[in-house]
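Dropping query-v9.tsv in here (TSV, C-alpha atoms):
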```tsv
chain	number	residue	atom	x	y	z
A	1	MET	CA	0.00	0.00	0.00
A	2	THR	CA	1.29	3.48	-0.88
A	3	ALA	CA	2.03	5.54	2.23
A	4	ARG	CA	-0.20	8.54	2.75
A	5	ALA	CA	1.22	11.93	3.74
A	6	VAL	CA	-0.64	14.24	6.10
A	7	VAL	CA	0.13	17.65	7.57
A	8	THR	CA	0.24	17.60	11.37
A	9	GLY	CA	2.01	20.90	12.04
A	10	ILE	CA	1.73	24.42	10.59
A	11	GLY	CA	4.26	27.15	11.36
A	12	VAL	CA	3.62	30.61	9.93
A	13	VAL	CA	5.98	33.59	10.12
A	14	ALA	CA	4.71	36.15	7.65
A	15	PRO	CA	3.54	39.76	7.26
A	16	SER	CA	0.11	38.45	8.24
A	17	GLY	CA	1.48	37.57	11.68
A	18	ILE	CA	3.54	35.10	13.65
A	19	GLY	CA	1.68	31.83	14.15
A	20	ALA	CA	-1.14	30.19	12.22
A	21	ALA	CA	-3.85	31.86	14.33
A	22	ALA	CA	-2.53	35.36	13.59
A	23	HIS	CA	-2.28	34.59	9.89
A	24	TRP	CA	-5.83	33.27	9.78
A	25	ARG	CA	-7.19	36.39	11.51
A	26	THR	CA	-5.51	38.55	8.89
A	27	VAL	CA	-6.95	36.48	6.05
A	28	LEU	CA	-10.46	36.58	7.52
A	29	THR	CA	-10.44	40.33	8.13
A	30	GLY	CA	-8.76	41.13	4.82
A	31	ALA	CA	-6.33	43.52	6.50
A	32	ARG	CA	-3.42	44.55	4.27
A	33	ARG	CA	-0.07	44.09	5.96
A	34	THR	CA	2.14	45.64	3.28
A	35	GLY	CA	3.74	49.01	3.94
A	36	PRO	CA	6.98	51.02	3.72
A	37	ILE	CA	10.18	48.99	3.74
A	38	THR	CA	11.99	49.34	7.09
A	39	LEU	CA	14.76	46.73	6.81
A	40	PHE	CA	16.77	49.30	4.81
A	41	ASP	CA	16.25	52.78	3.43
A	42	PRO	CA	14.37	52.36	0.12
A	43	ALA	CA	14.60	56.05	-0.85
A	44	GLY	CA	15.56	56.33	-4.49
A	45	TYR	CA	13.99	53.01	-5.47
A	46	PRO	CA	10.79	53.03	-7.53
A	47	THR	CA	9.32	50.31	-5.29
A	48	ARG	CA	9.36	51.31	-1.63
A	49	LEU	CA	6.64	49.03	-0.26
A	50	ALA	CA	6.84	45.40	0.85
A	51	GLY	CA	5.48	42.87	3.29
A	52	GLU	CA	7.60	42.53	6.44
A	53	VAL	CA	7.06	40.24	9.43
A	54	PRO	CA	5.81	42.47	12.27
A	55	GLY	CA	7.58	42.36	15.61
A	56	PHE	CA	9.88	39.51	14.69
A	57	ASP	CA	12.50	38.80	17.38
A	58	ALA	CA	14.89	36.16	16.12
A	59	THR	CA	16.41	35.65	19.56
A	60	ALA	CA	13.15	34.01	20.69
A	61	TYR	CA	13.66	31.17	18.20
A	62	ALA	CA	17.39	30.55	17.85
A	63	GLU	CA	20.61	30.82	19.84
A	64	SER	CA	22.83	33.88	19.45
A	65	ARG	CA	25.56	31.70	17.94
A	66	GLN	CA	23.18	30.58	15.20
A	67	LEU	CA	21.94	34.09	14.54
A	68	VAL	CA	25.46	35.38	13.99
A	69	GLN	CA	26.12	32.65	11.44
A	70	THR	CA	22.91	32.97	9.42
A	71	ASP	CA	20.72	35.39	7.50
A	72	ARG	CA	17.26	36.69	8.43
A	73	TRP	CA	15.76	34.28	5.88
A	74	THR	CA	17.11	31.41	7.97
A	75	HIS	CA	16.02	33.10	11.21
A	76	LEU	CA	12.47	33.06	9.85
A	77	ALA	CA	12.85	29.36	9.05
A	78	PHE	CA	14.04	28.64	12.61
A	79	ALA	CA	10.90	30.31	13.92
A	80	ALA	CA	8.46	28.69	11.49
A	81	THR	CA	9.93	25.24	12.12
A	82	ARG	CA	9.77	25.64	15.89
A	83	LEU	CA	6.10	26.68	15.60
A	84	ALA	CA	5.30	23.78	13.25
A	85	LEU	CA	6.86	21.19	15.55
A	86	ALA	CA	5.02	22.61	18.55
A	87	ASP	CA	1.74	22.56	16.61
A	88	ALA	CA	2.38	18.93	15.66
A	89	GLY	CA	3.14	17.97	19.27
A	90	LEU	CA	6.63	16.78	18.34
A	91	PRO	CA	9.85	17.46	20.29
A	92	GLN	CA	12.26	20.11	19.05
A	93	SER	CA	15.05	17.51	18.98
A	94	SER	CA	14.23	14.24	17.30
A	95	PRO	CA	14.29	11.01	19.33
A	96	ASP	CA	14.79	9.20	16.01
A	97	PRO	CA	17.19	11.39	13.98
A	98	TYR	CA	17.12	9.27	10.82
A	99	GLY	CA	13.33	9.18	10.83
A	100	TYR	CA	13.12	12.95	10.37
A	101	ALA	CA	14.14	14.93	7.27
A	102	VAL	CA	14.16	18.56	6.11
A	103	THR	CA	13.16	19.51	2.58
A	104	LEU	CA	12.63	23.24	2.10
A	105	ALA	CA	12.41	25.50	-0.93
A	106	SER	CA	14.83	28.33	-1.56
A	107	SER	CA	15.00	31.25	-3.94
A	108	SER	CA	17.21	34.29	-3.34
A	109	GLY	CA	19.24	33.08	-0.34
A	110	GLY	CA	20.83	35.19	2.41
A	111	ASN	CA	20.44	38.69	1.01
A	112	LEU	CA	20.82	40.89	4.08
A	113	PHE	CA	23.84	38.97	5.35
A	114	GLY	CA	25.50	39.05	1.94
A	115	GLN	CA	24.75	42.75	1.51
A	116	ARG	CA	26.45	43.60	4.80
A	117	GLU	CA	29.51	41.50	4.09
A	118	LEU	CA	30.01	42.76	0.54
A	119	GLN	CA	29.69	46.35	1.70
A	120	ARG	CA	32.42	45.63	4.26
A	121	LEU	CA	34.56	44.06	1.54
A	122	TRP	CA	34.32	46.96	-0.88
A	123	GLY	CA	33.67	49.88	1.44
A	124	GLY	CA	35.38	49.08	4.74
A	125	PRO	CA	39.02	49.49	5.70
A	126	SER	CA	39.57	45.76	6.31
A	127	ARG	CA	38.56	44.78	2.74
A	128	THR	CA	37.45	41.40	4.08
A	129	VAL	CA	34.28	39.40	4.64
A	130	GLY	CA	33.39	37.40	7.73
A	131	ALA	CA	33.96	33.68	7.95
A	132	TYR	CA	30.23	32.91	7.74
A	133	GLN	CA	29.69	34.69	4.41
A	134	SER	CA	30.53	31.42	2.67
A	135	ILE	CA	27.55	29.64	4.25
A	136	ALA	CA	24.97	32.25	5.29
A	137	TRP	CA	24.04	33.34	1.75
A	138	PHE	CA	23.98	29.78	0.37
A	139	TYR	CA	20.59	28.64	-0.95
A	140	ALA	CA	20.73	25.46	1.17
A	141	ALA	CA	21.67	27.26	4.40
A	142	SER	CA	18.25	26.97	6.05
A	143	VAL	CA	17.98	23.24	5.36
A	144	GLY	CA	21.47	22.60	6.71
A	145	GLN	CA	21.04	24.74	9.81
A	146	LEU	CA	17.68	23.20	10.70
A	147	SER	CA	18.99	19.68	10.16
A	148	ILE	CA	21.89	20.38	12.53
A	149	HIS	CA	19.86	22.27	15.13
A	150	HIS	CA	17.01	19.77	15.40
A	151	GLN	CA	19.17	16.69	14.67
A	152	PHE	CA	17.04	15.66	11.70
A	153	LYS	CA	19.39	13.33	9.80
A	154	GLY	CA	17.02	11.74	7.30
A	155	PRO	CA	17.29	12.46	3.55
A	156	CYS	CA	17.40	16.27	3.39
A	157	GLY	CA	17.28	18.52	0.34
A	158	VAL	CA	16.43	21.91	-1.09
A	159	LEU	CA	14.14	22.73	-4.03
A	160	VAL	CA	14.98	25.75	-6.18
A	161	SER	CA	12.21	26.79	-8.57
A	162	GLU	CA	11.37	30.28	-7.31
A	163	ALA	CA	7.73	30.56	-6.15
A	164	ALA	CA	6.90	27.08	-7.44
A	165	GLY	CA	9.42	25.69	-4.93
A	166	GLY	CA	7.02	26.19	-2.05
A	167	LEU	CA	4.81	23.49	-3.55
A	168	ASP	CA	7.64	21.37	-4.95
A	169	SER	CA	9.07	20.97	-1.44
A	170	LEU	CA	5.80	19.48	-0.24
A	171	ALA	CA	5.64	17.14	-3.21
A	172	HIS	CA	9.17	16.00	-2.44
A	173	ALA	CA	8.17	15.48	1.19
A	174	VAL	CA	5.44	13.09	0.05
A	175	ARG	CA	7.96	11.16	-2.04
A	176	SER	CA	10.31	10.93	0.95
A	177	ILE	CA	7.50	9.56	3.10
A	178	ARG	CA	6.64	6.97	0.46
A	179	ARG	CA	10.28	5.93	0.49
A	180	GLY	CA	10.18	5.27	4.23
A	181	THR	CA	10.91	8.51	6.11
A	182	PRO	CA	8.01	9.02	8.55
A	183	VAL	CA	8.43	12.78	9.25
A	184	VAL	CA	9.55	15.55	6.88
A	185	ILE	CA	9.83	19.29	7.50
A	186	ALA	CA	8.75	21.08	4.30
A	187	GLY	CA	7.72	24.50	2.99
A	188	GLY	CA	9.84	27.61	2.79
A	189	THR	CA	10.61	31.13	3.98
A	190	GLU	CA	12.09	34.09	2.15
A	191	CYS	CA	13.63	37.51	2.80
A	192	PRO	CA	14.21	39.34	-0.50
A	193	LEU	CA	14.48	42.76	1.17
A	194	SER	CA	17.90	44.33	0.86
A	195	PRO	CA	19.20	46.95	-1.59
A	196	TYR	CA	20.81	44.26	-3.73
A	197	ALA	CA	17.78	41.95	-3.63
A	198	LEU	CA	15.36	44.74	-4.51
A	199	THR	CA	17.61	45.83	-7.39
A	200	CYS	CA	17.59	42.27	-8.74
A	201	GLN	CA	13.80	42.13	-8.58
A	202	LEU	CA	13.41	45.51	-10.23
A	203	ALA	CA	15.33	44.14	-13.21
A	204	ASN	CA	12.40	41.86	-14.09
A	205	GLY	CA	10.10	44.86	-14.56
A	206	LEU	CA	7.28	43.17	-12.64
A	207	LEU	CA	7.31	45.09	-9.34
A	208	SER	CA	4.61	47.64	-8.59
A	209	ASP	CA	5.69	51.25	-8.12
A	210	VAL	CA	2.34	52.43	-6.77
A	211	ALA	CA	2.89	54.34	-3.51
A	212	ASP	CA	-0.43	53.47	-1.84
A	213	PRO	CA	-0.24	50.07	-0.03
A	214	GLU	CA	-4.00	49.63	-0.48
A	215	ARG	CA	-3.67	49.81	-4.27
A	216	ALA	CA	-0.15	48.67	-5.06
A	217	TYR	CA	-0.67	44.91	-5.46
A	218	ARG	CA	-3.97	44.01	-7.14
A	219	PRO	CA	-3.85	40.67	-9.01
A	220	PHE	CA	-6.50	40.06	-11.69
A	221	ASP	CA	-7.64	43.67	-11.30
A	222	ALA	CA	-8.12	46.22	-14.06
A	223	ALA	CA	-5.67	48.42	-12.11
A	224	ALA	CA	-3.01	45.69	-11.64
A	225	SER	CA	0.47	47.20	-11.71
A	226	GLY	CA	2.77	44.40	-10.54
A	227	TYR	CA	3.56	42.71	-7.25
A	228	LEU	CA	5.07	43.83	-3.95
A	229	PRO	CA	7.93	41.74	-2.51
A	230	ALA	CA	7.56	40.14	0.90
A	231	GLU	CA	9.46	38.13	3.47
A	232	GLY	CA	8.31	35.15	5.50
A	233	GLY	CA	6.38	32.03	4.60
A	234	ALA	CA	5.28	28.77	6.19
A	235	VAL	CA	6.85	25.49	7.31
A	236	PHE	CA	4.95	22.23	7.79
A	237	VAL	CA	5.35	18.93	9.54
A	238	VAL	CA	4.44	16.34	6.89
A	239	GLU	CA	3.96	12.91	8.41
A	240	GLU	CA	3.15	9.40	7.33
A	241	LEU	CA	-0.49	8.77	8.21
A	242	GLY	CA	0.09	5.63	10.30
A	243	HIS	CA	2.87	7.36	12.25
A	244	ALA	CA	0.58	10.32	12.96
A	245	LEU	CA	-2.35	8.13	14.04
A	246	ALA	CA	-0.16	5.98	16.28
A	247	ARG	CA	0.82	8.99	18.37
A	248	GLY	CA	-2.66	10.55	18.33
A	249	ALA	CA	-1.65	13.61	16.31
A	250	ARG	CA	-4.12	16.21	15.11
A	251	ILE	CA	-4.27	16.10	11.31
A	252	HIS	CA	-4.78	19.33	9.36
A	253	GLY	CA	-5.13	17.67	5.98
A	254	GLU	CA	-3.66	15.27	3.44
A	255	LEU	CA	-1.40	15.99	0.46
A	256	THR	CA	-3.03	13.90	-2.24
A	257	GLY	CA	-1.62	14.99	-5.62
A	258	TRP	CA	0.90	17.25	-7.27
A	259	GLY	CA	2.15	18.19	-10.69
A	260	ALA	CA	5.15	20.12	-11.98
A	261	THR	CA	5.97	21.17	-15.54
A	262	HIS	CA	8.30	23.58	-17.28
A	263	ASP	CA	7.76	25.93	-20.19
A	264	ALA	CA	11.19	25.11	-21.66
A	265	ALA	CA	11.57	28.77	-22.55
A	266	HIS	CA	13.25	31.77	-20.96
A	267	THR	CA	10.92	34.32	-19.38
A	268	GLY	CA	11.42	37.41	-21.52
A	269	PRO	CA	10.27	41.01	-20.96
A	270	THR	CA	6.98	40.46	-22.80
A	271	SER	CA	6.31	36.79	-22.04
A	272	ALA	CA	3.85	35.47	-19.48
A	273	GLY	CA	4.65	31.78	-19.32
A	274	ASP	CA	2.92	28.98	-21.20
A	275	PRO	CA	-0.72	28.54	-20.09
A	276	ALA	CA	-0.79	25.07	-21.63
A	277	GLN	CA	2.10	23.86	-19.47
A	278	TYR	CA	0.61	25.53	-16.41
A	279	ALA	CA	-2.72	23.81	-17.08
A	280	ARG	CA	-0.89	20.52	-17.56
A	281	ALA	CA	0.63	20.83	-14.06
A	282	MET	CA	-2.87	21.34	-12.64
A	283	ARG	CA	-4.25	18.32	-14.48
A	284	LEU	CA	-1.36	16.15	-13.30
A	285	ALA	CA	-2.06	17.15	-9.70
A	286	LEU	CA	-5.78	16.43	-10.02
A	287	ASP	CA	-5.20	13.10	-11.78
A	288	ARG	CA	-2.68	11.92	-9.17
A	289	ALA	CA	-5.10	12.92	-6.43
A	290	GLY	CA	-7.94	11.06	-8.11
A	291	VAL	CA	-10.00	14.25	-8.01
A	292	GLY	CA	-12.27	15.52	-10.76
A	293	PRO	CA	-12.37	19.25	-11.59
A	294	ASP	CA	-15.93	19.45	-10.24
A	295	GLU	CA	-14.76	18.22	-6.82
A	296	VAL	CA	-12.46	21.20	-6.14
A	297	ASP	CA	-13.82	23.58	-3.51
A	298	VAL	CA	-11.35	26.41	-4.03
A	299	VAL	CA	-8.33	27.40	-6.08
A	300	LEU	CA	-5.52	29.47	-4.56
A	301	PRO	CA	-3.71	30.92	-7.59
A	302	ASP	CA	-0.22	32.27	-8.13
A	303	ALA	CA	-1.76	35.77	-8.48
A	304	LEU	CA	1.32	37.65	-9.69
A	305	GLY	CA	-0.50	40.93	-10.23
A	306	VAL	CA	1.05	41.58	-13.66
A	307	PRO	CA	-1.71	41.89	-16.29
A	308	ARG	CA	-0.27	39.54	-18.90
A	309	TYR	CA	0.60	36.92	-16.26
A	310	ASP	CA	-2.84	37.19	-14.68
A	311	ARG	CA	-4.51	36.67	-18.06
A	312	ALA	CA	-2.31	33.64	-18.73
A	313	GLU	CA	-3.21	32.15	-15.35
A	314	ALA	CA	-6.92	32.70	-15.94
A	315	THR	CA	-6.54	31.04	-19.36
A	316	ALA	CA	-4.88	28.01	-17.75
A	317	LEU	CA	-7.61	27.69	-15.12
A	318	ARG	CA	-10.35	27.87	-17.74
A	319	ALA	CA	-8.54	25.21	-19.78
A	320	VAL	CA	-8.68	22.86	-16.79
A	321	PHE	CA	-12.10	23.71	-15.38
A	322	GLY	CA	-14.02	24.91	-18.43
A	323	ASP	CA	-16.49	27.76	-18.29
A	324	ARG	CA	-17.41	27.07	-14.66
A	325	PRO	CA	-14.20	27.14	-12.62
A	326	PRO	CA	-14.39	26.65	-8.85
A	327	PRO	CA	-14.19	29.64	-6.51
A	328	VAL	CA	-10.85	31.43	-6.61
A	329	SER	CA	-9.37	33.16	-3.56
A	330	THR	CA	-6.02	34.84	-2.96
A	331	ALA	CA	-4.60	36.45	0.16
A	332	LYS	CA	-1.33	37.56	-1.46
A	333	PRO	CA	-2.35	41.24	-1.74
A	334	LEU	CA	-2.52	41.26	2.07
A	335	THR	CA	1.06	40.10	2.54
A	336	GLY	CA	3.00	40.72	-0.67
A	337	ARG	CA	4.65	38.02	-2.76
A	338	ALA	CA	7.20	36.07	-0.73
A	339	HIS	CA	8.41	33.89	-3.61
A	340	GLN	CA	8.60	30.25	-2.38
A	341	GLY	CA	7.41	31.39	1.03
A	342	GLY	CA	4.24	32.78	-0.53
A	343	ALA	CA	3.27	29.47	-2.13
A	344	ALA	CA	3.81	27.69	1.18
A	345	LEU	CA	1.69	30.35	2.89
A	346	ASP	CA	-1.13	29.60	0.43
A	347	VAL	CA	-1.03	25.97	1.55
A	348	ALA	CA	-1.35	27.10	5.16
A	349	THR	CA	-4.33	29.28	4.21
A	350	ALA	CA	-6.07	26.36	2.50
A	351	LEU	CA	-5.53	23.99	5.43
A	352	LEU	CA	-6.74	26.60	7.91
A	353	ALA	CA	-9.79	27.34	5.76
A	354	PHE	CA	-10.90	23.73	6.00
A	355	ARG	CA	-9.95	23.57	9.67
A	356	HIS	CA	-12.26	26.52	10.34
A	357	ASP	CA	-14.89	25.40	7.81
A	358	THR	CA	-14.61	28.74	5.98
A	359	LEU	CA	-13.37	29.58	2.50
A	360	PRO	CA	-12.09	33.16	2.86
A	361	ALA	CA	-13.13	35.94	0.53
A	362	SER	CA	-10.50	36.86	-2.03
A	363	ALA	CA	-8.43	39.98	-1.32
A	364	ALA	CA	-8.55	40.84	-5.04
A	365	PRO	CA	-9.73	41.91	-7.53
A	366	ASP	CA	-12.09	44.84	-7.04
A	367	GLU	CA	-12.71	45.30	-10.78
A	368	VAL	CA	-11.93	42.16	-12.76
A	369	ALA	CA	-9.54	42.80	-15.64
A	370	GLN	CA	-10.51	41.75	-19.14
A	371	GLY	CA	-9.40	38.17	-19.74
A	372	CYS	CA	-9.31	37.39	-16.01
A	373	GLU	CA	-12.96	36.43	-15.59
A	374	LEU	CA	-13.04	33.78	-12.85
A	375	ASP	CA	-15.35	33.02	-9.92
A	376	PHE	CA	-13.58	35.13	-7.29
A	377	LEU	CA	-14.95	34.65	-3.81
A	378	ARG	CA	-16.61	37.89	-2.76
A	379	GLU	CA	-17.58	36.72	0.72
A	380	HIS	CA	-16.73	33.89	3.06
A	381	ARG	CA	-18.28	30.56	2.12
A	382	THR	CA	-18.64	27.11	3.67
A	383	PRO	CA	-16.69	24.42	1.77
A	384	ARG	CA	-18.39	21.37	0.25
A	385	GLY	CA	-15.91	18.56	-0.32
A	386	ARG	CA	-12.84	20.01	1.43
A	387	VAL	CA	-10.53	19.85	-1.61
A	388	ALA	CA	-8.19	22.71	-2.59
A	389	LEU	CA	-5.93	23.24	-5.58
A	390	VAL	CA	-2.94	25.48	-4.84
A	391	CYS	CA	-1.04	26.81	-7.86
A	392	ALA	CA	2.32	28.55	-8.24
A	393	ARG	CA	4.66	29.65	-11.00
A	394	GLY	CA	8.36	30.35	-10.75
A	395	PHE	CA	10.14	32.79	-13.01
A	396	ASP	CA	11.80	31.23	-16.06
A	397	GLY	CA	9.11	28.67	-16.68
A	398	TYR	CA	8.36	26.66	-13.53
A	399	ASN	CA	4.75	25.55	-13.00
A	400	SER	CA	3.50	23.62	-9.97
A	401	ALA	CA	0.15	22.60	-8.53
A	402	LEU	CA	-0.79	20.80	-5.33
A	403	VAL	CA	-4.06	19.14	-4.33
A	404	LEU	CA	-4.85	18.81	-0.65
A	405	ARG	CA	-7.83	17.46	1.21
A	406	GLY	CA	-8.66	19.24	4.44
A	407	ALA	CA	-9.49	17.56	7.71
A	408	ALA	CA	-12.85	17.87	9.43
A	409	PRO	CA	-13.56	21.26	11.03
A	410	ALA	CA	-12.07	21.90	14.42
A	411	ARG	CA	-14.39	21.35	17.34
A	412	GLU	CA	-15.12	24.28	19.64
A	413	GLY	CA	-12.01	24.99	21.71
A	414	ASP	CA	-9.86	22.82	19.47
A	415	GLY	CA	-7.94	25.68	17.79
```
Could you rewrite the structure in this file as structure tokens?
Amino acid sequence: MTARAVVTGIGVVAPSGIGAAAHWRTVLTGARRTGPITLFDPAGYPTRLAGEVPGFDATAYAESRQLVQTDRWTHLAFAATRLALADAGLPQSSPDPYGYAVTLASSSGGNLFGQRELQRLWGGPSRTVGAYQSIAWFYAASVGQLSIHHQFKGPCGVLVSEAAGGLDSLAHAVRSIRRGTPVVIAGGTECPLSPYALTCQLANGLLSDVADPERAYRPFDAAASGYLPAEGGAVFVVEELGHALARGARIHGELTGWGATHDAAHTGPTSAGDPAQYARAMRLALDRAGVGPDEVDVVLPDALGVPRYDRAEATALRAVFGDRPPPVSTAKPLTGRAHQGGAALDVATALLAFRHDTLPASAAPDEVAQGCELDFLREHRTPRGRVALVCARGFDGYNSALVLRGAAPAREGDG
């Protein structure tokens, strides 16, 4: 029998709040958490807004020695992992090291750490960098640090496919469980907020330069102008079903199908990805889950907020679901786009929606753009079959989709 993979722990550290409960409150109220960048002075940059994690104190989640050696992106991963393990009722240090693995997604790496060290190299009198520059910026730093800190010595890895990586990491976690590892830490966090990181993002021409946080990031809207960057994300405890049941764990939902494709083409200044390949990823996920298009309760889209990309995504969804697509809901305008962390955060939103028996109203659009006609949720709704399709695209052609089935609603007082 093929092993089944369930989510038993959710750890959220995002602009929407620290902890799953804080994130869910933000989603339900529709409060925008984007605002002026404070991690550095953004004066002189056309984009000066982003989503930052409010009140984040890294010292509450990691030792000072670890904080000195790592970037803020990894600090966020320390926090999200600690929260996920606590939510799952698992110890912070594994009693069975080889039965636990870490598989996270990564995108831009340790930006703030690298920025500081390179400025010291080229602008300071010592003309040197610190010893930890060689590891803190590295795209696999968070996976390595978490594996060491928690003593998770199972098959670890890192997925690099930009925003699509947040879903790819969960798919890889399922494969690891089917190969015999009972517990896998998956998901991803991001911190693309430094002068260098913002400059790199501006080069793609997709960032919004609107100065009003309430109007700057509006996917599928007639006034869409691009996305706002964000830090944070979500980390999950993915567990083999029998292992979870044997210890009496609370189950948030099951990961039942996934699909990943590639456009096989470079993302140019006027391209918007291949809707056919994006649709193919969705169909693969549905087929592997054994779910028909009419069984999907809600779709959480990539929602880039760039008109041509939004039209391409709507085209892909209509190709899969026909003229009557399921309800579509996105919370990304509330937080900004956190690359792989944002896709993982969408998975947390879907699981929490089923946990609370409420499909949240979409944060966008206000006025649907031409070519983006979908069934956007305008108000909260009760789910029917508890099936969600989460979609994500990574720059340069990555397409991923994940099907999850939510657990029964939480009982009163059960979180």
- Item | Local residues around (0.0, 9.8, 5.2), at most 12 Å away, using all atoms listed in the file, as a ChimeraX atom specification | /A:1-8,173-184,237-246,249,251-256,404-405
- Message: Distance cut-off 12 Å, centre (18.9, 18.9, -4.6) in file coordinates, counting all atoms listed in the file: which residues qualify? Return them as JSON, numbers by chain.
- Response: {"A": [102, 103, 104, 105, 106, 139, 140, 143, 155, 156, 157, 158, 159, 160, 161, 165, 168, 169, 172]}
Return the padded bounding box of stretch 197-216 of chain A as lines of an AutoDock Vina configuration file: axis-aligned, built from all atoms listed in the file, 8 Å added on each side, with centre and edge lengths in Å to one decimal.
```
center_x = 6.9
center_y = 48.1
center_z = -7.3
size_x = 37.8
size_y = 28.5
size_z = 30.5
```
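Across the model, the gap from atom CA of A:Ala163 to atom CA of A:Ala343 is 6.1 Å.
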- Message: My list of candidates is A:Val291, A:Leu146, A:Leu76, A:Ala353. Which is closest to A:Ile18 when distances are computed with only C-alpha atoms?
- Response: A:Leu76
- Message: From the options A:Gly114, A:Pro192, A:Pro360, A:Pro301, which residue's atoms come nearest to A:Glu162, counting only C-alpha atoms?
- Response: A:Pro192
- Item | Å distance separating atom CA of A:Arg311 from atom CA of A:Ala222, one decimal place |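 Atom-to-atom, atom CA of A:Arg311 to atom CA of A:Ala222, that is 11.0 Å.
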Contact table stretch 212-324 of chain A vs stretch 48-70 of chain A, cut-off 6 Å, shortest pair per residue, all atoms listed in the file, as a tab-separated table:
```
residue	atom	partner	partner_atom	distance
A:Leu228	CA	A:Ala50	CA	5.4
A:Pro229	CA	A:Ala50	CA	5.1
A:Ala230	CA	A:Gly51	CA	4.2
A:Glu231	CA	A:Glu52	CA	5.6
```
- Grab the atom CA of A:Leu402 to atom CA of A:Ala141 distance for me, in Å with one decimal place. 25.3 Å
Could you produce a table of the residues of stretch 7-108 of chain A lying within 6 Å of stretch 208-220 of chain A, with the nearest pair of atoms per residue and their separation in Å rounded to one decimal, using all atoms listed in the file, ordered by chain and increasing residue number, as CSV?
```
residue,atom,partner,partner_atom,distance
A:Gly35,CA,A:Pro213,CA,5.7
A:Pro46,CA,A:Asp209,CA,5.4
A:Thr47,CA,A:Asp209,CA,4.7
```
- Got a sec: who's within 10 Å of A:Val12, counting only C-alpha atoms, leaving out chain neighbours fewer than 3 positions off, as an NGL selection string? :A and (15-24 or 76-77 or 79-84 or 188-189 or 232-236 or 341 or 344-345 or 348-349)
- Task: Excluding A:Thr267 and any residue of its chain fewer than 2 positions from it, enumerate the residues within 10 Å of it, using only C-alpha atoms, and give them as a VMD selection string.
- Result: chain A and resid 204 263 to 265 269 to 274 394 to 398
Could you save those same residues with C-alpha atoms as a PDB file, keeping the file's coordinate frame?
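For reference, selection-v5.pdb as written:
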```pdb
ATOM      1  CA  ASN A 204      12.400  41.860 -14.090  1.00  0.00           C
ATOM      2  CA  ASP A 263       7.760  25.930 -20.190  1.00  0.00           C
ATOM      3  CA  ALA A 264      11.190  25.110 -21.660  1.00  0.00           C
ATOM      4  CA  ALA A 265      11.570  28.770 -22.550  1.00  0.00           C
ATOM      5  CA  PRO A 269      10.270  41.010 -20.960  1.00  0.00           C
ATOM      6  CA  THR A 270       6.980  40.460 -22.800  1.00  0.00           C
ATOM      7  CA  SER A 271       6.310  36.790 -22.040  1.00  0.00           C
ATOM      8  CA  ALA A 272       3.850  35.470 -19.480  1.00  0.00           C
ATOM      9  CA  GLY A 273       4.650  31.780 -19.320  1.00  0.00           C
ATOM     10  CA  ASP A 274       2.920  28.980 -21.200  1.00  0.00           C
ATOM     11  CA  GLY A 394       8.360  30.350 -10.750  1.00  0.00           C
ATOM     12  CA  PHE A 395      10.140  32.790 -13.010  1.00  0.00           C
ATOM     13  CA  ASP A 396      11.800  31.230 -16.060  1.00  0.00           C
ATOM     14  CA  GLY A 397       9.110  28.670 -16.680  1.00  0.00           C
ATOM     15  CA  TYR A 398       8.360  26.660 -13.530  1.00  0.00           C
TER      16      TYR A 398
END
```
- Item | Residue nearest A:Val347 - candidates A:Ala289, A:Ala408, A:Val13, A:Ala388, atoms counted: only C-alpha atoms |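 Counting only C-alpha atoms, the residue closest to A:Val347 is A:Ala388.
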- Task: Find the spatial neighbours of A:Lys153, counting only C-alpha atoms, within a cut-off of 9 Å - ignore same-chain residues fewer than 6 positions away - and output them as a ChimeraX atom specification.
- Result: /A:96-102,147
- Note on the structure: Across A:Gly385, A:Gly257, A:Pro195, A:Gly305, the smallest distance to A:Ser400, with all atoms listed in the file counted, is shown by A:Gly257
- Item | Long-range neighbours of A:Gly290 as a ChimeraX atom specification, 12 Å cut-off, only C-alpha atoms, 3 positions minimum in chain | /A:255-258,283-287,293-296,387,403-405
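Nearest residue to A:Leu118, choosing from A:Ala312, A:Gln133, A:Ser194, A:His150 and counting all atoms listed in the file: A:Gln133.
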Near A:Phe376, within 8 Å and counting all atoms listed in the file, which residues show up once chain neighbours fewer than 4 positions away are dropped, as a tab-separated table (two decimals) with C-alpha atoms, keeping the file's coordinate frame?
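Produced file selection-v4.tsv, reproduced below:
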```
chain	number	residue	atom	x	y	z
A	327	PRO	CA	-14.19	29.64	-6.51
A	328	VAL	CA	-10.85	31.43	-6.61
A	329	SER	CA	-9.37	33.16	-3.56
A	361	ALA	CA	-13.13	35.94	0.53
A	362	SER	CA	-10.50	36.86	-2.03
A	364	ALA	CA	-8.55	40.84	-5.04
A	365	PRO	CA	-9.73	41.91	-7.53
```
